[in-house]
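Asker: One structure, pasted below without further comment.
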Amino acid sequence: MNDFSQAFQKALQLIIQLDPDLIEIVALSLQVSLTAVFIAGLIGLPLGAALALYKFFGRGLLVAILNTFMGLPPVVVGLVVYLILSRSGPLGALGLLFTPTAMVIAQVCLVTPIIAALTRQTVMDANNEFHAQLRALGAKPQSMMNTLLWETRYSLVTNVFAGFGRAIAEVGAVLIVGGNINHNTRVMTTSIALETSKGNIELALALGVILITLSLIVTSAVMSARQTAHKIYA
Amino acid sequence: MKYFWVKATVLVALVVTLASVPAEKPPFITLSSTTSIENSGLLDYLIPRFRDRSGIDVRVVSVGTGRALKLGETGDTDLILVHHRPSEEAFISKGYGVKRREVMYNDFIIAGPRGDPLNIRKEGSVERVLTLIYEHKMPFVSRGDESGTHKKEMELWALLDVDVQQYSGRWYHETGAGMGTTLNIANGMGAYVLADRGTWLSFKNRNGLALLFENDPLLHNQYSIIEINPERHPHTKSKEAARFTDWLASSEGQQMIASFTLNGQQLFFPNALPQ
């Protein structure tokens with residue numbers, strides 16, 4: 001138990017001192033994961049809604065694949081993105097390996113299926129409820145999709161942040177494609193792994209406390225924004 | 001809608017921030033190095049001085065020797081700083097690397113439970129130590145990750161004609177992880193382990209582990225730096241990479257290596273030959 005109380009003290013100390021290395025690492029973690037979630041949202045929300053509303057050949061298979069990909073192992077995603085971005089890979093000429101951009105790409109691959117699959121379910125449920133009304137109003141599929149996405153926006157925010165939770169917490173993918181380079185591609189999770197391997201258990205645990213606190217702050221901010229919006233519009 | 005636009009603006013701003021990060025790029029090279037060097041903090045000590053001298057930043061990717069060489073084969077790094085001579089020579093003879101310069105050395109040690117049930121402290125050679133571990137089926141933790149340390153350990157078992165693979169999972173445990181992680185596991189299991197001295201000295205979670213055996217010529221640990229063949233990978237920054245190699249082998253670089261200490265102990269010993 002001593003380890004835990006020491007870790008909390010260390011975490012507080014790091015936060016109070018505004019340790020510049022820590023700030024850099026926290027900023028990069030947020031930058032990478034929020035960007036990845038934003039892009040994944042741009043792809044996943046319309047994709048999920050389309051899968052819920054449009055009927056086409058192979059939809060069942062696509063949905064099954066999407067649901068499976070919700071649980072993609074980060075280390076496998078990292079490996080595939082690594083092989084693609086490697087100088088010897090198809091996109092090697094871009095020189096993106098070991099950059100924050102590579103980390104964003106890997107996290108987009110991890111998060112998009114989560115957002116798309118959850119959105120499909122949310123929109124489908126809403127569609128079952130409102131389908132008849134929307135039809136009676138003469139809505140076309142495209143406008144129906146927009147309406148349903150808008151009507152379910154509060155649930156969708158939760159879906160998007162399920163994706164954020166995944167992105168900010170994973171270490172396997174960012175370690176492989178980012179390389180954990182100091183002042184460059186080092187984020188919270190890779191720092192924790194590094195400090196553990198150095199035997200700095202206390203510092204590693206302190207960083208873990210800070211990472212969880214960070215997730216808590218981001219999630220609370222979104223939840224309160226959601227509630228405020230809910231009060232204004234409801 | 002107002003809040004939606006606020007949120008959208010914030011997110012777009014974030015994306016723009018990310019996109020603008022690589023805009024200002026000081027020249028840099030990528031160096032693949034081993035976890036043993038990374039964990040010791042040596043490069044954090046050397047690189048700022050080199051950057052002051054040359055204006056070139058060095059980005060370090062820390063992996064095992066095996067993967068570091070692989071990164072060289074695929075052209076994903078400009079320089080490699082590793083410690084396994086046969087693999088290094090194979091790498092060069094296959095045409096992936098152009099120059100191999102020995103820059104420093106230290107040695108491997110054997111750590112184990114403080115109580116030392118086999119009493120290896122008293123032994124005179126590493127062969128005897130490993131034979132005792134093998135004969136008594138004492139828990140031994142191996143890196144198992146094709147790193148330089150792992151390859152060294154394999155060579156030692158081969159000298160004894162012991163095929164450890166067949167005992168894997170019984171008394172012989174392969175972690176497939178870096179040196180630090182492997183020491184954490186050895187500590188947890190109360191097992192014997194081969195480690196490089198740099199990682200051992202900088203490792204902070206020793207608890208029940210102690211240094212039990214050292215100073216055998218077979219445990220010599222030579223580090224070399226290799227430049228990637230620019231003919232095979234024209235995009236590599238061979239000029240900048242050569243500057244780092246030259247600096248590391250220069251008297252200043254060598255003195256810097258010698259002056260790097262941890263708790264008063266020197267971790268690496270420079271031995272570059274003057275060119």
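Numbering starts fresh at 1 for the residues of each chain in the structure tokens, the chains themselves are lettered A, B, ... in the order given, and ligands are numbered from 1 as they appear.
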Report the closest atom pair, with its distance in Å rounded to one decimal, for each residue of chain A that has an atom no farther than 6 Å from chain B; count only C-alpha atoms, sort by chain and then rising residue number, and write it as a Markdown table.
Answerer:
| residue | atom | partner | partner_atom | distance |
| --- | --- | --- | --- | --- |
| A:Thr35 | CA | B:Val15 | CA | 5.7 |
| A:Arg87 | CA | B:Gly75 | CA | 5.6 |
| A:Ser88 | CA | B:Thr74 | CA | 5.3 |
| A:Gly179 | CA | B:Val61 | CA | 5.3 |
| A:Ile181 | CA | B:Val60 | CA | 5.6 |
| A:Ser197 | CA | B:Gly180 | CA | 4.3 |
| A:Lys198 | CA | B:Gly180 | CA | 5.2 |
| A:Gly199 | CA | B:Asn205 | CA | 4.5 |
| A:Asn200 | CA | B:Lys204 | CA | 5.9 |
Asker: What residues in segment 24-209 of chain A get the DSSP label helix (DSSP H, G or I)? Please answer as a ChimeraX atom specification.
Answerer: /A:24-53,59-69,74-85,92-94,100-136,141-151,153-169,172-178,188-197,201-209
Asker: Please measure the separation of atom CA of Ala162 of chain A and atom CA of Asp19 of chain A, giving the value in Å to one decimal.
Answerer: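 Answer for the atom CA of Ala162 of chain A to atom CA of Asp19 of chain A separation: 29.1 Å.
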Asker: With only C-alpha atoms as the counted atoms, please give the residues lying no more than 6 Å from segment 101-106 of chain B, apart from itself and same-chain residues fewer than 4 positions off, as a compact mmCIF listing (two decimals) with C-alpha atoms, in the first residue's frame.
Answerer:
# COMPACT_ATOMS: atom_id res chain seq x y z
CA ASN B 221 29.71 -6.25 -24.07
CA GLN B 222 30.82 -4.21 -27.08
CA TYR B 223 28.64 -1.46 -28.53
CA SER B 224 29.04 -0.37 -32.15
CA ILE B 225 27.44 2.27 -34.32
CA PHE B 268 30.18 2.75 -20.39
CA PHE B 269 33.86 2.70 -21.34
CA PRO B 270 34.85 4.44 -24.58
CA ASN B 271 37.03 2.42 -26.97
CA ALA B 272 36.70 3.95 -30.41
Asker: Set the distance at 8 Å and use only C-alpha atoms: which residues neighbour segment 149-164 of chain B once local chain neighbours fewer than 6 positions away are removed? I'd like the list as a ChimeraX atom specification.
Answerer: /B:83-84,127,130-131,142-143,172,194-196
Asker: Any idea what's packed within 8 Å of Val160 of chain A, counting only C-alpha atoms, ignoring anything in its chain fewer than 2 positions away? Could you give it as a ChimeraX atom specification?
Answerer: /A:37,41,115,156-158,162-164
Asker: Those same residues - N, CA and C atoms - I'd like them written as a compact mmCIF listing (two decimals), in the first residue's frame.
Answerer:
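Below is the file out18.txt, written as the result:
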# COMPACT_ATOMS: atom_id res chain seq x y z
N VAL A 37 -9.90 10.79 -32.61
CA VAL A 37 -11.32 10.60 -32.35
C VAL A 37 -12.15 11.51 -33.25
N GLY A 41 -14.71 10.11 -35.85
CA GLY A 41 -16.11 10.53 -35.78
C GLY A 41 -16.62 10.94 -37.15
N ILE A 115 -16.84 3.67 -33.00
CA ILE A 115 -17.84 4.72 -33.18
C ILE A 115 -18.89 4.28 -34.20
N LEU A 156 -24.85 9.85 -29.19
CA LEU A 156 -23.67 9.74 -30.07
C LEU A 156 -22.42 10.31 -29.40
N VAL A 157 -22.62 11.35 -28.60
CA VAL A 157 -21.45 11.91 -27.89
C VAL A 157 -20.85 10.83 -27.00
N THR A 158 -21.72 10.06 -26.33
CA THR A 158 -21.23 8.97 -25.49
C THR A 158 -20.46 7.96 -26.34
N ALA A 162 -16.60 6.80 -25.99
CA ALA A 162 -16.15 5.41 -25.81
C ALA A 162 -14.90 5.22 -26.67
N GLY A 163 -14.93 5.81 -27.86
CA GLY A 163 -13.77 5.76 -28.75
C GLY A 163 -12.57 6.49 -28.16
N PHE A 164 -12.83 7.64 -27.54
CA PHE A 164 -11.75 8.41 -26.93
C PHE A 164 -11.08 7.60 -25.81
Asker: Excluding segment 123-135 of chain A and its own-chain neighbours fewer than 6 positions away, which residues fall within 12 Å of it when counting only C-alpha atoms? Please give them as an mmCIF file with C-alpha atoms, in the first residue's frame.
Answerer:
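around03.cif, written as the output of this step:
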data_model
loop_
_atom_site.group_PDB
_atom_site.id
_atom_site.type_symbol
_atom_site.label_atom_id
_atom_site.label_comp_id
_atom_site.auth_asym_id
_atom_site.auth_seq_id
_atom_site.Cartn_x
_atom_site.Cartn_y
_atom_site.Cartn_z
ATOM 1 C CA LEU A 45 -20.883 8.584 -37.539
ATOM 2 C CA PRO A 46 -22.112 8.707 -41.160
ATOM 3 C CA LEU A 47 -20.870 5.164 -41.768
ATOM 4 C CA GLY A 48 -22.769 3.819 -38.759
ATOM 5 C CA ALA A 49 -25.909 5.727 -39.684
ATOM 6 C CA ALA A 50 -25.740 4.562 -43.288
ATOM 7 C CA LEU A 51 -25.397 0.958 -42.177
ATOM 8 C CA ALA A 52 -28.467 1.392 -40.005
ATOM 9 C CA LEU A 53 -30.647 2.986 -42.697
ATOM 10 C CA TYR A 54 -29.595 1.784 -46.132
ATOM 11 C CA ILE A 115 -17.837 4.723 -33.184
ATOM 12 C CA ALA A 116 -19.407 3.273 -36.341
ATOM 13 C CA ALA A 117 -20.717 0.119 -34.656
ATOM 14 C CA PRO A 141 -33.209 8.491 -46.683
ATOM 15 C CA GLN A 142 -30.572 11.247 -46.752
ATOM 16 C CA SER A 143 -32.594 13.704 -44.714
ATOM 17 C CA MET A 144 -33.809 10.866 -42.509
ATOM 18 C CA MET A 145 -30.177 10.055 -41.729
ATOM 19 C CA ASN A 146 -29.426 13.670 -40.840
ATOM 20 C CA THR A 147 -32.540 13.933 -38.667
ATOM 21 C CA LEU A 148 -31.811 10.705 -36.813
ATOM 22 C CA LEU A 149 -28.150 11.639 -36.249
ATOM 23 C CA TRP A 150 -29.262 14.986 -34.882
ATOM 24 C CA GLU A 151 -31.993 13.491 -32.690
ATOM 25 C CA THR A 152 -29.626 10.979 -31.162
ATOM 26 C CA ARG A 153 -26.730 13.439 -30.754
ATOM 27 C CA TYR A 154 -26.550 13.029 -26.979
ATOM 28 C CA SER A 155 -26.136 9.287 -27.225
ATOM 29 C CA LEU A 156 -23.672 9.739 -30.068
ATOM 30 C CA ASN A 159 -20.313 6.700 -28.402
#
Asker: List the spatial neighbours of Ile110 of chain B as a CSV table (one decimal) with C-alpha atoms, in the first residue's frame - criterion: any atom at most 7 Å away, only C-alpha atoms, same-chain residues fewer than 2 positions off excluded.
Answerer:
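See part.csv below for the written result:
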chain,number,residue,atom,x,y,z
B,108,PHE,CA,27.2,-8.3,-18.7
B,112,GLY,CA,19.7,-13.4,-8.9
B,192,TYR,CA,18.6,-15.7,-12.0
B,193,VAL,CA,19.1,-13.5,-15.0
B,194,LEU,CA,21.8,-12.2,-17.4
B,195,ALA,CA,21.7,-8.4,-17.6
B,211,LEU,CA,24.5,-8.7,-8.5
B,212,LEU,CA,26.0,-12.2,-7.9
B,213,PHE,CA,28.5,-12.8,-10.7
B,214,GLU,CA,30.7,-10.6,-12.8
Asker: Suppose you want the space between atom CA of Arg67 of chain B and atom CA of Phe244 of chain B; what is it in Å?
Answerer: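 One can read the atom CA of Arg67 of chain B to atom CA of Phe244 of chain B distance as 21.0 Å.
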Asker: Identify which of the residues B:Ser147, B:Asn229, B:Ile185, B:Asp116 lies closest to Leu132 of chain B, counting only C-alpha atoms when measuring atom-to-atom distances.
Answerer: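 Closest to Leu132 of chain B of all the choices is B:Asp116.
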Asker: Given only C-alpha atoms as the basis, pick out the residue of A:Gln107, A:Asn182, A:Thr213, A:Thr219 nearest to Ala36 of chain A.
Answerer: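 For Ala36 of chain A, the nearest of the given residues is A:Gln107.
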Asker: Using only C-alpha atoms, which of the listed residues (B:Ile109, B:Ile226, B:Val82, B:Met138) sits closest to Asp246 of chain B?
Answerer: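 Once distances to Asp246 of chain B are computed over only C-alpha atoms, the minimum belongs to B:Ile226.
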Asker: For atom CA of Ile257 of chain B and atom CA of Leu42 of chain B, quote the distance in Å rounded to one decimal.
Answerer: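 Atom-to-atom, atom CA of Ile257 of chain B and atom CA of Leu42 of chain B are spaced 7.6 Å apart.
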Asker: Counting only C-alpha atoms, which of A:Leu118, A:Val171, A:Leu66, A:Leu28 gets nearest to Arg186 of chain A?
Answerer: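 Among the listed residues, the smallest separation from Arg186 of chain A belongs to A:Leu28.
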Asker: So which one's closest to Val177 of chain A, A:Leu216, A:Leu194, A:Val77, A:Leu94? Using only C-alpha atoms, please.
Answerer: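 The shortest atom-to-atom distance to Val177 of chain A comes from A:Val77.
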